[in-house]
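S.K.: This is the structure, below, for whatever I ask next.
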Amino acid sequence: IATLGFGEIMRIVFLNIDYVGGASGMTVTHLTTWPWLISCVLITIIVIVNFTNSTHGRACLAIRENEIAADAMGINTTY
């Protein structure tokens, strides 16, 4: 019940803050264009692919699948 109450309080707070647009919601400026969007998406995809193929990314995937097996293979699960 406390989580529901906190969620409702946050919703009301954001509805009343003019910085985030108030009741009309956030507005996107006209500075956002398709080339900017596509370049940001491509950069994000490249970063994610490079991370998942790196040593740390493979360790994160191993810990996600089975923490005990990852610990047995020598991956420091505490770190």
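To be explicit about the labels: the chains of the structure tokens are called A, B, and onward in the order shown, and within each one the residues are counted from 1, while ligands get numbers from 1 in the order they are shown.
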Which of chain A end up as helix (DSSP H, G or I) when DSSP is run on this backbone - answer as a count of residues only?
M.R.: 55
S.K.: So how far away is atom CA of Thr78 of chain A from atom CA of Arg64 of chain A, in Å?
M.R.: 12.9 Å
